[in-house]
Amino acid sequence: MFDLIYLLLLLFLGYGFGTYLEKKHYKRIKIDENELKNIVILSKRDAKEIQLEGTKLLNGNVVISIDFFKKFVAGFINFFGGKIVVYETLLDRARREAIIRVKKQAKNLGYNCLINLRLETSSISKGTKGNVGSIEVLAYATATKML
């Protein structure tokens with residue numbers, strides 16, 4: 001009986017803290033994206049038609065871990081089968097945060113344009129017993145100045 005109470009307490013705390021921290025992170029992401037909206041992201045094809053000055057390869061990296069509640073729900077869904085939607089916000093936050101980090105570097109170096117932005121996603125501690133699953137997202141692009 002104590003084990004069930006302990007599990008429910010962990011689930012409740014995981015849900016509460018996880019939801020709070022996720023909302024706080026999304027709020028910060030929206031603020032950062034708004035501040036960096038003047039940095040343009042172009043494909044290589046679009047960049048051929050624009051006059052550019054200087055280039056530098058930039059990258060941004062982020063690792064985000066899943067909370068206990070989401071891990072529990074994902075395990076439950078995985079056991080019975082189905083789409084594991086609890087990971088979607090985790091991936092969304094990681095991708096957006098990685099792009100923000102590249103844009104911040106570009107802004108600090110005086111660039112206003114990113115060309116060929118790419119994202120690489122990898123799983124960390126996958127299959128390791130007792131560890132909480134984490135993901136890493138690497139964003140990289142060529143920064144330049146549009147004239």
# chains A, B, ... in the order shown; residues from 1 in each chain; ligands from 1
>>> residues_around(residues="Arg101 (chain A)", least_positions_apart="2", cutoff="9 Å", atoms="only C-alpha atoms", output="ChimeraX atom specification")
/A:59-62,96-99,103-106,139
>>> write_last_selection(atoms="C-alpha atoms", output="compact mmCIF listing (two decimals), in the first residue's frame")
# COMPACT_ATOMS: atom_id res chain seq x y z
CA ASN A 59 25.87 26.02 -33.79
CA GLY A 60 23.56 25.81 -30.82
CA ASN A 61 23.14 22.79 -28.64
CA VAL A 62 20.53 21.89 -26.01
CA ARG A 96 13.13 25.91 -30.60
CA GLU A 97 15.73 26.44 -27.86
CA ALA A 98 18.55 25.21 -30.14
CA ILE A 99 17.47 27.63 -32.89
CA LYS A 103 20.23 33.17 -33.42
CA LYS A 104 21.69 34.66 -30.22
CA GLN A 105 25.20 33.84 -31.41
CA ALA A 106 24.48 35.44 -34.77
CA ALA A 139 21.17 23.35 -34.63
>>> select_by_dssp(residues="chain A", states="helix (DSSP H, G or I)", output="ChimeraX atom specification")
/A:2-35,44-47,68-80,86-108
>>> closest_residue(among="A:Lys83, A:Arg93, A:Lys23, A:Arg118", to="Ser65 (chain A)", atoms="only C-alpha atoms")
A:Arg93
>>> closest_residue(among="A:Leu10, A:Ile50, A:Lys107, A:Val137", to="Lys37 (chain A)", atoms="only C-alpha atoms")
A:Lys107
>>> residues_around(residues="Lys145 (chain A)", least_positions_apart="4", cutoff="9 Å", atoms="only C-alpha atoms", output="NGL selection string")
:A and (51-55 or 110-114)
>>> residues_around(residues="Gly18 (chain A)", least_positions_apart="3", cutoff="10 Å", atoms="only C-alpha atoms", output="PyMOL selection string")
chain A and resi 12-15+21-24+66-70
>>> closest_residue(among="A:Val102, A:Val73, A:Ile64, A:Met146", to="Ser122 (chain A)", atoms="only C-alpha atoms")
A:Ile64
>>> atom_distance(atom1="CA of Ile115 (chain A)", atom2="CA of Thr142 (chain A)")
5.1 Å
>>> atom_distance(atom1="CA of Asn116 (chain A)", atom2="CA of Glu33 (chain A)")
18.4 Å
>>> select_by_dssp(residues="chain A", states="strand (DSSP E or B)", output="JSON, numbers by chain")
{"A": [40, 41, 42, 52, 53, 54, 55, 56, 57, 58, 59, 60, 61, 62, 63, 64, 65, 113, 114, 115, 116, 117, 118, 119, 120, 121, 122, 123, 124, 134, 135, 136, 137, 138, 139, 140, 141, 142, 143, 144, 145, 146]}
>>> closest_residue(among="A:Ala94, A:Phe72, A:Leu42, A:Leu147", to="Leu117 (chain A)", atoms="only C-alpha atoms")
A:Leu42
>>> decode(residues="region 36-83 of chain A", atoms="C-alpha atoms", output="JSON list (two decimals), in the first residue's frame")
[["chain", "number", "residue", "atom", "x", "y", "z"],
["A", 36, "LEU", "CA", 15.28, 37.52, -32.36],
["A", 37, "LYS", "CA", 12.58, 37.67, -35.04],
["A", 38, "ASN", "CA", 14.64, 40.12, -37.13],
["A", 39, "ILE", "CA", 17.24, 37.43, -37.83],
["A", 40, "VAL", "CA", 16.18, 35.92, -41.14],
["A", 41, "ILE", "CA", 16.51, 32.20, -41.93],
["A", 42, "LEU", "CA", 17.02, 31.41, -45.62],
["A", 43, "SER", "CA", 17.61, 28.34, -47.73],
["A", 44, "LYS", "CA", 20.67, 28.21, -49.98],
["A", 45, "ARG", "CA", 18.47, 28.80, -53.02],
["A", 46, "ASP", "CA", 16.98, 32.00, -51.58],
["A", 47, "ALA", "CA", 20.39, 33.30, -50.51],
["A", 48, "LYS", "CA", 21.69, 33.32, -54.11],
["A", 49, "GLU", "CA", 19.45, 36.28, -54.95],
["A", 50, "ILE", "CA", 20.55, 38.47, -52.02],
["A", 51, "GLN", "CA", 23.76, 40.41, -51.49],
["A", 52, "LEU", "CA", 25.60, 39.00, -48.47],
["A", 53, "GLU", "CA", 28.72, 39.98, -46.56],
["A", 54, "GLY", "CA", 30.92, 37.62, -44.50],
["A", 55, "THR", "CA", 30.09, 34.13, -43.28],
["A", 56, "LYS", "CA", 30.62, 32.06, -40.17],
["A", 57, "LEU", "CA", 29.41, 28.61, -39.17],
["A", 58, "LEU", "CA", 27.45, 28.73, -35.91],
["A", 59, "ASN", "CA", 25.87, 26.02, -33.79],
["A", 60, "GLY", "CA", 23.56, 25.81, -30.82],
["A", 61, "ASN", "CA", 23.14, 22.79, -28.64],
["A", 62, "VAL", "CA", 20.53, 21.89, -26.01],
["A", 63, "VAL", "CA", 19.81, 18.83, -23.87],
["A", 64, "ILE", "CA", 16.37, 18.48, -22.29],
["A", 65, "SER", "CA", 15.25, 15.71, -19.97],
["A", 66, "ILE", "CA", 11.77, 14.29, -19.49],
["A", 67, "ASP", "CA", 10.04, 14.48, -16.11],
["A", 68, "PHE", "CA", 8.84, 11.48, -14.10],
["A", 69, "PHE", "CA", 5.17, 11.92, -14.98],
["A", 70, "LYS", "CA", 5.81, 12.01, -18.74],
["A", 71, "LYS", "CA", 8.17, 9.06, -18.49],
["A", 72, "PHE", "CA", 5.49, 7.06, -16.65],
["A", 73, "VAL", "CA", 2.79, 7.97, -19.19],
["A", 74, "ALA", "CA", 5.12, 7.19, -22.10],
["A", 75, "GLY", "CA", 5.90, 3.77, -20.61],
["A", 76, "PHE", "CA", 2.20, 3.09, -20.16],
["A", 77, "ILE", "CA", 1.41, 4.09, -23.77],
["A", 78, "ASN", "CA", 4.41, 2.13, -25.05],
["A", 79, "PHE", "CA", 3.21, -0.98, -23.22],
["A", 80, "PHE", "CA", -0.28, -0.85, -24.75],
["A", 81, "GLY", "CA", 0.77, 0.71, -28.05],
["A", 82, "GLY", "CA", -0.03, 4.06, -29.57],
["A", 83, "LYS", "CA", 1.39, 7.45, -30.33]]
